[in-house]
>>> print(open('input-v2.txt').read())   # compact mmCIF, C-alpha atoms
# COMPACT_ATOMS: atom_id res chain seq x y z
CA MET P 1 -4.42 -17.59 -41.44
CA THR P 2 -3.24 -16.29 -38.11
CA GLN P 3 -0.03 -14.69 -36.98
CA GLU P 4 1.58 -13.93 -33.64
CA LYS P 5 2.04 -10.29 -32.79
CA LYS P 6 3.98 -8.89 -29.85
CA ILE P 7 2.36 -5.79 -28.36
CA SER P 8 4.57 -3.58 -26.21
CA VAL P 9 2.56 -2.49 -23.15
CA LYS P 10 4.97 -1.06 -20.51
CA LYS P 11 2.22 -0.27 -18.06
CA PRO P 12 2.05 -1.07 -14.35
CA ALA P 13 -0.08 -4.06 -13.49
CA TYR P 14 -1.65 -1.88 -10.83
CA LEU P 15 -2.63 0.65 -13.47
CA GLN P 16 -6.35 0.45 -12.81
CA ASN P 17 -5.79 0.72 -9.07
CA ASP P 18 -3.31 3.57 -9.46
CA ILE P 19 -5.56 5.54 -11.80
CA LEU P 20 -8.43 5.17 -9.35
CA ALA P 21 -6.19 6.06 -6.39
CA ASP P 22 -5.01 9.22 -8.17
CA GLU P 23 -8.62 10.12 -8.97
CA ILE P 24 -9.56 9.75 -5.30
CA ARG P 25 -6.55 11.88 -4.24
CA GLU P 26 -7.38 14.58 -6.79
CA MET P 27 -11.05 14.57 -5.84
CA MET P 28 -10.20 14.94 -2.14
CA LYS P 29 -7.73 17.73 -2.91
CA SER P 30 -10.17 19.62 -5.12
CA LYS P 31 -12.82 19.44 -2.40
CA ASN P 32 -10.28 20.48 0.26
CA LYS P 33 -10.68 17.21 2.17
CA LEU P 34 -8.05 15.27 4.07
CA PHE P 35 -7.62 11.52 3.58
CA PHE P 36 -5.29 9.31 5.63
CA ASN P 37 -4.51 5.60 5.31
CA ILE P 38 -3.66 3.91 8.60
CA MET P 39 -1.82 0.61 8.33
CA GLY P 40 -0.29 -1.75 10.87
CA SER P 41 -0.33 -5.22 12.36
CA ILE P 42 -3.24 -6.90 14.00
CA GLY P 43 -3.34 -5.64 17.57
CA ALA P 44 -1.03 -2.64 17.01
CA GLY P 45 -3.75 -0.33 18.28
CA LYS P 46 -4.99 1.22 15.01
CA THR P 47 -8.62 1.17 16.11
CA PHE P 48 -7.84 2.49 19.58
CA LEU P 49 -5.80 5.34 18.09
CA LEU P 50 -8.64 6.15 15.71
CA GLU P 51 -11.03 6.21 18.65
CA ARG P 52 -8.74 8.71 20.38
CA ILE P 53 -8.38 10.78 17.23
CA ALA P 54 -12.17 10.74 16.79
CA GLU P 55 -12.70 11.87 20.38
CA LYS P 56 -10.39 14.84 19.83
CA LEU P 57 -11.56 15.82 16.36
CA SER P 58 -15.26 15.00 16.21
CA PRO P 59 -16.35 18.22 17.98
CA TYR P 60 -14.63 20.25 15.26
CA PHE P 61 -14.68 18.15 12.10
CA ARG P 62 -17.01 15.80 10.26
CA ILE P 63 -15.13 12.52 9.98
CA PHE P 64 -15.68 9.36 7.95
CA VAL P 65 -13.74 6.18 8.72
CA ILE P 66 -13.52 3.17 6.41
CA ASN P 67 -12.45 0.04 8.29
CA GLY P 68 -11.04 -3.01 6.55
CA ASP P 69 -11.13 -6.46 8.09
CA ILE P 70 -11.53 -10.02 6.95
CA ALA P 71 -14.72 -10.35 8.99
CA THR P 72 -16.93 -8.62 11.60
CA THR P 73 -17.89 -4.97 12.09
CA ILE P 74 -16.18 -4.71 15.47
CA ASP P 75 -13.80 -1.89 14.53
CA ALA P 76 -16.35 0.23 12.68
CA ASP P 77 -18.81 -0.19 15.57
CA ARG P 78 -16.19 0.85 18.13
CA ILE P 79 -15.14 4.00 16.30
CA ALA P 80 -18.76 4.96 15.48
CA LYS P 81 -19.37 5.34 19.21
CA LYS P 82 -16.95 8.28 19.18
CA GLY P 83 -19.22 10.54 17.18
CA VAL P 84 -18.00 9.85 13.67
CA ASP P 85 -19.49 7.98 10.72
CA THR P 86 -17.92 4.66 9.84
CA VAL P 87 -18.32 1.83 7.38
CA GLN P 88 -16.82 -1.63 7.61
CA ILE P 89 -15.47 -3.39 4.54
CA ASN P 90 -15.20 -7.14 4.95
CA THR P 91 -12.58 -8.34 2.52
CA GLY P 92 -13.34 -12.04 2.97
CA GLY P 93 -9.87 -13.40 2.35
CA GLY P 94 -8.36 -10.16 1.06
CA CYS P 95 -5.25 -8.99 2.90
CA HIS P 96 -5.46 -5.29 1.98
CA LEU P 97 -7.79 -2.49 0.96
CA ASN P 98 -7.50 -1.07 -2.54
CA ALA P 99 -8.67 2.03 -4.37
CA LYS P 100 -11.72 0.30 -5.84
CA LEU P 101 -12.99 -0.77 -2.43
CA ILE P 102 -12.54 2.80 -1.16
CA LYS P 103 -14.22 4.30 -4.23
CA ASN P 104 -17.19 1.96 -3.79
CA GLU P 105 -17.73 3.29 -0.28
CA LEU P 106 -17.16 6.93 -1.22
CA ASP P 107 -19.76 6.57 -3.99
CA LYS P 108 -22.35 5.59 -1.39
CA ILE P 109 -21.96 8.79 0.63
CA ASN P 110 -21.87 12.49 -0.08
CA VAL P 111 -18.17 13.32 0.26
CA ASP P 112 -19.08 16.98 0.85
CA ASP P 113 -20.72 15.97 4.12
CA TYR P 114 -17.28 15.30 5.65
CA ASP P 115 -13.97 17.09 6.25
CA ILE P 116 -11.57 14.26 7.07
CA PHE P 117 -11.44 10.66 5.88
CA PHE P 118 -9.51 7.76 7.36
CA THR P 119 -9.06 4.18 6.29
CA GLU P 120 -8.04 1.60 8.81
CA ASN P 121 -6.42 -0.94 6.55
CA VAL P 122 -6.50 -4.70 7.09
CA GLY P 123 -4.11 -5.70 9.89
CA ASN P 124 -0.99 -6.61 7.97
CA LEU P 125 2.47 -5.08 7.51
CA ILE P 126 3.06 -6.56 4.07
CA CYS P 127 0.36 -6.37 1.40
CA PRO P 128 -1.21 -2.95 2.18
CA ALA P 129 2.18 -1.40 1.36
CA ALA P 130 1.71 -2.29 -2.30
CA TRP P 131 -1.81 -0.91 -2.78
CA ASP P 132 -2.40 2.82 -3.10
CA VAL P 133 -5.83 3.72 -1.71
CA GLY P 134 -5.63 7.38 -2.77
CA ALA P 135 -4.75 8.80 0.65
CA GLN P 136 -2.65 11.94 1.04
CA LYS P 137 -0.57 10.36 3.80
CA ASN P 138 0.23 6.78 4.81
CA ILE P 139 0.61 6.14 8.52
CA VAL P 140 2.10 2.91 9.87
CA VAL P 141 1.33 1.96 13.47
CA VAL P 142 3.46 -0.54 15.37
CA SER P 143 3.24 -1.26 19.05
CA ILE P 144 6.25 -1.82 21.26
CA THR P 145 4.87 -5.21 22.23
CA GLU P 146 5.37 -6.48 18.68
CA GLY P 147 9.03 -6.99 19.42
CA GLU P 148 12.13 -4.92 18.94
CA TYR P 149 12.70 -6.17 15.38
CA VAL P 150 9.26 -5.46 13.94
CA ILE P 151 10.36 -2.40 11.93
CA LYS P 152 13.57 -3.97 10.65
CA LYS P 153 11.59 -6.98 9.47
CA HIS P 154 9.03 -4.93 7.51
CA PRO P 155 11.02 -2.12 5.89
CA ILE P 156 8.95 -1.73 2.72
CA ILE P 157 5.80 -0.46 4.41
CA PHE P 158 7.87 2.16 6.27
CA LYS P 159 9.66 3.22 3.10
CA GLY P 160 6.26 4.20 1.69
CA ALA P 161 4.93 5.93 4.82
CA GLN P 162 4.99 9.58 5.83
CA ILE P 163 4.35 8.93 9.53
CA ALA P 164 5.39 6.04 11.79
CA VAL P 165 3.53 5.72 15.08
CA ILE P 166 5.07 3.70 17.90
CA ASN P 167 2.08 2.83 20.07
CA LYS P 168 1.63 1.35 23.56
CA CYS P 169 4.47 3.54 24.84
CA ASP P 170 2.87 3.39 28.29
CA LEU P 171 4.58 -0.02 28.48
CA ASP P 172 7.98 1.56 27.93
CA GLY P 173 10.47 0.24 30.47
CA LEU P 174 8.34 -2.77 31.35
CA GLY P 175 10.50 -5.05 29.25
CA PHE P 176 9.87 -2.99 26.11
CA ASP P 177 11.90 -0.19 24.57
CA SER P 178 10.20 2.35 22.32
CA GLN P 179 13.49 4.10 21.53
CA VAL P 180 14.77 1.10 19.57
CA LEU P 181 11.75 1.29 17.29
CA VAL P 182 11.99 5.08 16.94
CA GLU P 183 15.62 4.79 15.88
CA ASP P 184 14.92 1.95 13.46
CA ALA P 185 12.09 3.89 11.81
CA LYS P 186 14.37 6.93 11.41
CA LYS P 187 17.12 4.77 9.95
CA ILE P 188 14.75 3.25 7.42
CA LYS P 189 13.35 6.62 6.34
CA SER P 190 15.13 9.69 7.63
CA ASN P 191 12.48 12.17 6.51
CA MET P 192 9.53 10.35 8.10
CA ASP P 193 7.72 11.72 11.17
CA VAL P 194 8.14 9.23 14.03
CA LEU P 195 5.86 9.59 17.05
CA CYS P 196 5.37 7.73 20.32
CA THR P 197 1.80 7.32 21.48
CA SER P 198 -0.28 5.57 24.06
CA ALA P 199 -3.88 5.27 23.02
CA LYS P 200 -4.58 3.86 26.46
CA GLN P 201 -3.14 6.81 28.38
CA ILE P 202 -3.95 9.36 25.66
CA THR P 203 -0.39 10.52 25.13
CA GLY P 204 1.07 11.59 21.80
CA ILE P 205 -2.38 11.93 20.22
CA ASP P 206 -2.13 15.74 19.87
CA GLU P 207 1.29 15.32 18.26
CA LEU P 208 -0.13 12.74 15.86
CA ILE P 209 -2.99 15.07 14.91
CA ALA P 210 -0.46 17.88 14.34
CA SER P 211 1.66 15.56 12.21
CA LEU P 212 -1.40 14.85 10.06
CA GLY P 213 -1.54 18.60 9.43
CA ILE P 214 -4.87 19.04 11.22
CA LYS P 215 -5.27 22.27 13.18
CA ILE P 216 -8.01 22.55 15.76
CA GLN P 217 -9.19 26.16 15.73
CA MET R 1 -1.27 -13.32 -0.47
CA HIS R 2 -1.76 -10.33 -2.79
CA GLU R 3 -0.55 -12.29 -5.81
CA TYR R 4 -4.13 -13.22 -6.69
CA SER R 5 -5.10 -9.53 -6.85
CA LEU R 6 -2.05 -8.83 -8.99
CA ALA R 7 -2.74 -11.70 -11.35
CA SER R 8 -6.32 -10.50 -11.64
CA ALA R 9 -5.14 -6.95 -12.48
CA ILE R 10 -2.80 -8.37 -15.14
CA VAL R 11 -5.50 -10.51 -16.74
CA ASN R 12 -8.02 -7.63 -16.78
CA GLN R 13 -5.61 -5.30 -18.55
CA VAL R 14 -4.41 -7.91 -21.01
CA LYS R 15 -7.99 -8.90 -21.81
CA GLN R 16 -8.70 -5.28 -22.80
CA ILE R 17 -5.59 -5.18 -25.00
CA ALA R 18 -6.53 -8.46 -26.65
CA ILE R 19 -10.04 -7.20 -27.39
CA GLU R 20 -8.68 -3.92 -28.80
CA HIS R 21 -6.45 -5.89 -31.18
CA LYS R 22 -9.22 -8.34 -32.06
CA ALA R 23 -6.94 -11.17 -30.93
CA LEU R 24 -7.99 -14.79 -31.24
CA LYS R 25 -5.72 -15.90 -28.44
CA VAL R 26 -3.33 -14.58 -25.83
CA ASN R 27 -0.14 -16.66 -26.07
CA LYS R 28 2.20 -14.97 -23.62
CA VAL R 29 2.16 -12.18 -21.08
CA THR R 30 5.53 -10.78 -20.02
CA VAL R 31 5.72 -8.86 -16.75
CA SER R 32 8.65 -7.38 -14.85
CA ALA R 33 9.30 -6.49 -11.23
CA ASP R 34 12.27 -5.61 -9.08
CA PRO R 35 13.23 -7.81 -6.10
CA TYR R 36 11.34 -5.65 -3.61
CA GLU R 37 7.86 -5.82 -5.06
CA MET R 38 7.14 -8.62 -2.56
CA ILE R 39 5.95 -11.08 -5.15
CA ILE R 40 6.29 -14.80 -4.74
CA PRO R 41 6.69 -15.86 -8.39
CA GLU R 42 5.20 -19.34 -7.89
CA LEU R 43 2.09 -17.88 -6.26
CA LEU R 44 1.69 -15.35 -9.06
CA GLN R 45 1.93 -18.14 -11.62
CA ASP R 46 -0.61 -20.26 -9.76
CA ALA R 47 -3.02 -17.35 -9.40
CA PHE R 48 -2.66 -16.51 -13.11
CA LYS R 49 -3.45 -20.12 -14.05
CA ILE R 50 -6.52 -20.21 -11.81
CA ILE R 51 -7.88 -16.90 -13.12
CA ILE R 52 -7.47 -17.76 -16.81
CA THR R 53 -9.07 -21.21 -16.51
CA GLU R 54 -12.47 -19.96 -17.57
CA ILE R 55 -11.36 -17.31 -20.05
CA GLU R 56 -11.43 -18.72 -23.56
CA LEU R 57 -9.04 -16.06 -24.90
CA PHE R 58 -6.36 -17.11 -22.41
CA GLN R 59 -6.37 -20.87 -22.92
CA ASN R 60 -2.69 -21.95 -23.12
CA ALA R 61 -1.51 -18.44 -22.18
CA HIS R 62 1.86 -18.36 -20.47
CA LEU R 63 3.06 -15.80 -17.91
CA GLU R 64 6.72 -14.80 -17.93
CA LEU R 65 8.16 -12.83 -14.99
CA LEU R 66 11.34 -10.82 -15.65
CA LYS R 67 13.34 -9.89 -12.56
CA LEU R 68 14.80 -6.38 -12.59
CA PRO R 69 17.74 -5.26 -10.44
CA ALA R 70 17.08 -3.04 -7.42
CA GLU R 71 17.13 0.74 -7.91
CA ILE R 72 17.78 3.36 -5.23
CA ILE R 73 17.49 7.12 -4.86
CA CYS R 74 20.12 8.64 -2.55
CA LEU R 75 18.81 11.32 -0.20
CA GLU R 76 22.34 12.71 0.23
CA CYS R 77 23.50 13.12 -3.37
CA GLU R 78 20.32 12.37 -5.38
CA PHE R 79 22.00 9.51 -7.24
CA LYS R 80 19.45 7.25 -8.92
CA GLY R 81 20.47 3.81 -10.04
CA GLU R 82 21.64 0.41 -8.90
CA PRO R 83 23.05 0.25 -5.36
CA SER R 84 26.69 -0.64 -4.87
CA GLU R 85 26.08 -3.77 -2.85
CA GLU R 86 23.42 -5.78 -1.08
CA GLY R 87 21.60 -4.11 1.81
CA ASP R 88 22.90 -3.44 5.25
CA LYS R 89 22.89 -6.55 7.42
CA GLU R 90 20.62 -4.92 9.95
CA PHE R 91 18.49 -2.76 7.65
CA ALA R 92 17.88 -4.99 4.70
CA TYR R 93 16.72 -2.31 2.29
CA ASN R 94 19.02 0.53 3.30
CA PHE R 95 21.20 0.11 0.25
CA LYS R 96 24.50 1.88 -0.04
CA CYS R 97 24.69 4.64 -2.62
CA SER R 98 27.21 3.66 -5.27
CA LYS R 99 28.14 7.34 -5.77
CA CYS R 100 28.59 8.82 -2.28
CA GLY R 101 28.38 5.75 -0.02
CA SER R 102 25.47 7.03 2.09
CA ARG R 103 22.95 4.55 3.38
CA ASP R 104 20.28 7.26 3.61
CA THR R 105 18.66 5.91 0.48
CA HIS R 106 15.15 5.18 -0.67
CA LEU R 107 14.18 2.18 -2.70
CA ASN R 108 12.74 3.21 -6.01
CA ILE R 109 10.47 0.22 -6.30
CA ARG R 110 9.64 -0.62 -9.89
CA HIS R 111 6.19 -2.05 -9.49
CA LEU R 112 5.00 -5.05 -11.38
CA THR R 113 4.78 -3.90 -15.00
CA ILE R 114 3.17 -5.53 -17.99
CA GLU R 115 6.00 -5.36 -20.52
CA SER R 116 4.40 -7.01 -23.52
CA VAL R 117 1.70 -9.32 -24.72
CA ASP R 118 2.02 -11.92 -27.48
CA LEU R 119 -1.28 -12.20 -29.27
CA GLU R 120 -2.52 -14.47 -32.03
CA ILE R 121 -4.35 -12.36 -34.57
CA LEU R 122 -5.84 -12.84 -38.01
CA GLU R 123 -3.47 -11.91 -40.82
>>> encode(input="input-v2.txt", output="structure tokens")
Amino acid sequence: MTQEKKISVKKPAYLQNDILADEIREMMKSKNKLFFNIMGSIGAGKTFLLERIAEKLSPYFRIFVINGDIATTIDADRIAKKGVDTVQINTGGGCHLNAKLIKNELDKINVDDYDIFFTENVGNLICPAAWDVGAQKNIVVVSITEGEYVIKKHPIIFKGAQIAVINKCDLDGLGFDSQVLVEDAKKIKSNMDVLCTSAKQITGIDELIASLGIKIQ
Amino acid sequence: MHEYSLASAIVNQVKQIAIEHKALKVNKVTVSADPYEMIIPELLQDAFKIIITEIELFQNAHLELLKLPAEIICLECEFKGEPSEEGDKEFAYNFKCSKCGSRDTHLNIRHLTIESVDLEILE
């Protein structure tokens, strides 16, 4: 004879991901490492910004960058040329990185060999918002060429971010207005750092590094 | 697009629970989420059906999604609860605090949660 039994669970569906993400965060904290998750649309300039960050920081810190893309190793190859170690995760059809993918890569290296870790998430302003990768700070990059409504249209990812970067500000005034995006980001989350950068002209990069809490001695 | 990953996370957890309870079958899985979890219910259902196809324990299992109301935390007065009205026309998720009226509010997103599992077990 069989019977039906209702089991109360009350646990997040992401539980396994969240446990793993917390483990990564704790591990990084205990080892005094920094770990940042960079998210943003395709073409926002995430890779270019990471190249600029790597140029500034690689003389002083040992950096490891985990790039996420559907296919190719283009991003990881680009950033590796700036004197940091990189690895490319190809997600196939996956639209975001998750804690397990990050853990898999961290298990292949000696974490103690590095000071600062970055992930460049899959280019997407939707799904990465829902998946904790264990970073200490989430950074969302948008470029002013994505249109003046890009932040209003994707509020959730900004609600979960500590830093919003408005990139390609060198195009300010050429039919684009960075101030609209700065104000929108502030309205969506008043206690978020909002920065204007131009990876191309290397402006705002020092401010971004300072916002990450990294001090160059 | 992330519904497949979510469905997979649900099935993995429920499978563990079913094994722990020595269940013969999983009849129903009840999950809940608020409106801002960015889930398309139909896609979640489809993904769930695809994933369970080859899992004997889950044959005929049914997924029920309960929709929770939105919850906010006010940065002005620290109120936590349901917002007073739907979001600002311009800023969709800047809900108005039902206590002090501020729109400087954060969404307290209640992530997709497995509420309960109905299992068929031996008496």
>>> residues_around(input="input-v2.txt", residues="stretch 13-26 of chain R", least_positions_apart="6", cutoff="8 Å", atoms="only C-alpha atoms", output="compact mmCIF listing (two decimals) with C-alpha atoms, in the coordinates of the input")
# COMPACT_ATOMS: atom_id res chain seq x y z
CA ALA P 13 -0.08 -4.06 -13.49
CA LEU R 57 -9.04 -16.06 -24.90
CA PHE R 58 -6.36 -17.11 -22.41
CA GLN R 59 -6.37 -20.87 -22.92
CA ASN R 60 -2.69 -21.95 -23.12
CA ALA R 61 -1.51 -18.44 -22.18
CA VAL R 117 1.70 -9.32 -24.72
CA ASP R 118 2.02 -11.92 -27.48
CA LEU R 119 -1.28 -12.20 -29.27
CA GLU R 120 -2.52 -14.47 -32.03
CA ILE R 121 -4.35 -12.36 -34.57
CA LEU R 122 -5.84 -12.84 -38.01
>>> atom_distance(input="input-v2.txt", atom1="atom CA of P:Asn138", atom2="atom CA of P:Asp184")
17.7 Å
>>> atom_distance(input="input-v2.txt", atom1="atom CA of P:Gly83", atom2="atom CA of P:Asp132")
27.5 Å
>>> atom_distance(input="input-v2.txt", atom1="atom CA of P:Asp193", atom2="atom CA of P:Gln162")
6.4 Å
>>> interface_residues(input="input-v2.txt", of="chain R", to="chain P", cutoff="10 Å", atoms="only C-alpha atoms", output="PyMOL selection string")
chain R and resi 1-14+17-18+21+23-33+36-39+75+90-94+103-123
>>> write_last_selection(input="input-v2.txt", atoms="C-alpha atoms", output="PDB file, keeping the file's coordinate frame")
ATOM      1  CA  MET R   1      -1.270 -13.320  -0.470  1.00  0.00           C
ATOM      2  CA  HIS R   2      -1.760 -10.330  -2.790  1.00  0.00           C
ATOM      3  CA  GLU R   3      -0.550 -12.290  -5.810  1.00  0.00           C
ATOM      4  CA  TYR R   4      -4.130 -13.220  -6.690  1.00  0.00           C
ATOM      5  CA  SER R   5      -5.100  -9.530  -6.850  1.00  0.00           C
ATOM      6  CA  LEU R   6      -2.050  -8.830  -8.990  1.00  0.00           C
ATOM      7  CA  ALA R   7      -2.740 -11.700 -11.350  1.00  0.00           C
ATOM      8  CA  SER R   8      -6.320 -10.500 -11.640  1.00  0.00           C
ATOM      9  CA  ALA R   9      -5.140  -6.950 -12.480  1.00  0.00           C
ATOM     10  CA  ILE R  10      -2.800  -8.370 -15.140  1.00  0.00           C
ATOM     11  CA  VAL R  11      -5.500 -10.510 -16.740  1.00  0.00           C
ATOM     12  CA  ASN R  12      -8.020  -7.630 -16.780  1.00  0.00           C
ATOM     13  CA  GLN R  13      -5.610  -5.300 -18.550  1.00  0.00           C
ATOM     14  CA  VAL R  14      -4.410  -7.910 -21.010  1.00  0.00           C
ATOM     15  CA  ILE R  17      -5.590  -5.180 -25.000  1.00  0.00           C
ATOM     16  CA  ALA R  18      -6.530  -8.460 -26.650  1.00  0.00           C
ATOM     17  CA  HIS R  21      -6.450  -5.890 -31.180  1.00  0.00           C
ATOM     18  CA  ALA R  23      -6.940 -11.170 -30.930  1.00  0.00           C
ATOM     19  CA  LEU R  24      -7.990 -14.790 -31.240  1.00  0.00           C
ATOM     20  CA  LYS R  25      -5.720 -15.900 -28.440  1.00  0.00           C
ATOM     21  CA  VAL R  26      -3.330 -14.580 -25.830  1.00  0.00           C
ATOM     22  CA  ASN R  27      -0.140 -16.660 -26.070  1.00  0.00           C
ATOM     23  CA  LYS R  28       2.200 -14.970 -23.620  1.00  0.00           C
ATOM     24  CA  VAL R  29       2.160 -12.180 -21.080  1.00  0.00           C
ATOM     25  CA  THR R  30       5.530 -10.780 -20.020  1.00  0.00           C
ATOM     26  CA  VAL R  31       5.720  -8.860 -16.750  1.00  0.00           C
ATOM     27  CA  SER R  32       8.650  -7.380 -14.850  1.00  0.00           C
ATOM     28  CA  ALA R  33       9.300  -6.490 -11.230  1.00  0.00           C
ATOM     29  CA  TYR R  36      11.340  -5.650  -3.610  1.00  0.00           C
ATOM     30  CA  GLU R  37       7.860  -5.820  -5.060  1.00  0.00           C
ATOM     31  CA  MET R  38       7.140  -8.620  -2.560  1.00  0.00           C
ATOM     32  CA  ILE R  39       5.950 -11.080  -5.150  1.00  0.00           C
ATOM     33  CA  LEU R  75      18.810  11.320  -0.200  1.00  0.00           C
ATOM     34  CA  GLU R  90      20.620  -4.920   9.950  1.00  0.00           C
ATOM     35  CA  PHE R  91      18.490  -2.760   7.650  1.00  0.00           C
ATOM     36  CA  ALA R  92      17.880  -4.990   4.700  1.00  0.00           C
ATOM     37  CA  TYR R  93      16.720  -2.310   2.290  1.00  0.00           C
ATOM     38  CA  ASN R  94      19.020   0.530   3.300  1.00  0.00           C
ATOM     39  CA  ARG R 103      22.950   4.550   3.380  1.00  0.00           C
ATOM     40  CA  ASP R 104      20.280   7.260   3.610  1.00  0.00           C
ATOM     41  CA  THR R 105      18.660   5.910   0.480  1.00  0.00           C
ATOM     42  CA  HIS R 106      15.150   5.180  -0.670  1.00  0.00           C
ATOM     43  CA  LEU R 107      14.180   2.180  -2.700  1.00  0.00           C
ATOM     44  CA  ASN R 108      12.740   3.210  -6.010  1.00  0.00           C
ATOM     45  CA  ILE R 109      10.470   0.220  -6.300  1.00  0.00           C
ATOM     46  CA  ARG R 110       9.640  -0.620  -9.890  1.00  0.00           C
ATOM     47  CA  HIS R 111       6.190  -2.050  -9.490  1.00  0.00           C
ATOM     48  CA  LEU R 112       5.000  -5.050 -11.380  1.00  0.00           C
ATOM     49  CA  THR R 113       4.780  -3.900 -15.000  1.00  0.00           C
ATOM     50  CA  ILE R 114       3.170  -5.530 -17.990  1.00  0.00           C
ATOM     51  CA  GLU R 115       6.000  -5.360 -20.520  1.00  0.00           C
ATOM     52  CA  SER R 116       4.400  -7.010 -23.520  1.00  0.00           C
ATOM     53  CA  VAL R 117       1.700  -9.320 -24.720  1.00  0.00           C
ATOM     54  CA  ASP R 118       2.020 -11.920 -27.480  1.00  0.00           C
ATOM     55  CA  LEU R 119      -1.280 -12.200 -29.270  1.00  0.00           C
ATOM     56  CA  GLU R 120      -2.520 -14.470 -32.030  1.00  0.00           C
ATOM     57  CA  ILE R 121      -4.350 -12.360 -34.570  1.00  0.00           C
ATOM     58  CA  LEU R 122      -5.840 -12.840 -38.010  1.00  0.00           C
ATOM     59  CA  GLU R 123      -3.470 -11.910 -40.820  1.00  0.00           C
TER      60      GLU R 123
END
>>> residues_around(input="input-v2.txt", residues="P:Arg52", least_positions_apart="2", cutoff="9 Å", atoms="only C-alpha atoms", output="PyMOL selection string")
chain P and resi 47-50+54-57+79+82+199-200+202+205
>>> closest_residue(input="input-v2.txt", among="P:Lys33, P:Thr203, P:Leu20, P:Thr72", to="P:Leu101", atoms="all atoms listed in the file")
P:Leu20
>>> residues_around(input="input-v2.txt", residues="R:Lys49", least_positions_apart="4", cutoff="9 Å", atoms="all atoms listed in the file", output="list in words")
Ala7, Leu44, Gln45, Thr53, Ala61, His62 and Leu63 of chain R
>>> write_last_selection(input="input-v2.txt", atoms="C-alpha atoms", output="CSV table (one decimal), in the frame of the given file")
chain,number,residue,atom,x,y,z
R,7,ALA,CA,-2.7,-11.7,-11.4
R,44,LEU,CA,1.7,-15.4,-9.1
R,45,GLN,CA,1.9,-18.1,-11.6
R,53,THR,CA,-9.1,-21.2,-16.5
R,61,ALA,CA,-1.5,-18.4,-22.2
R,62,HIS,CA,1.9,-18.4,-20.5
R,63,LEU,CA,3.1,-15.8,-17.9
>>> closest_residue(input="input-v2.txt", among="P:Arg78, P:Phe117, P:Ala185, P:Gln88", to="P:Lys29", atoms="only C-alpha atoms")
P:Phe117
>>> closest_residue(input="input-v2.txt", among="P:Thr197, P:Asp177, P:Lys137, P:Ser58", to="P:Ala161", atoms="all atoms listed in the file")
P:Lys137
>>> closest_residue(input="input-v2.txt", among="R:Glu82, R:Glu64, R:Glu42, R:Glu56", to="R:Phe95", atoms="only C-alpha atoms")
R:Glu82
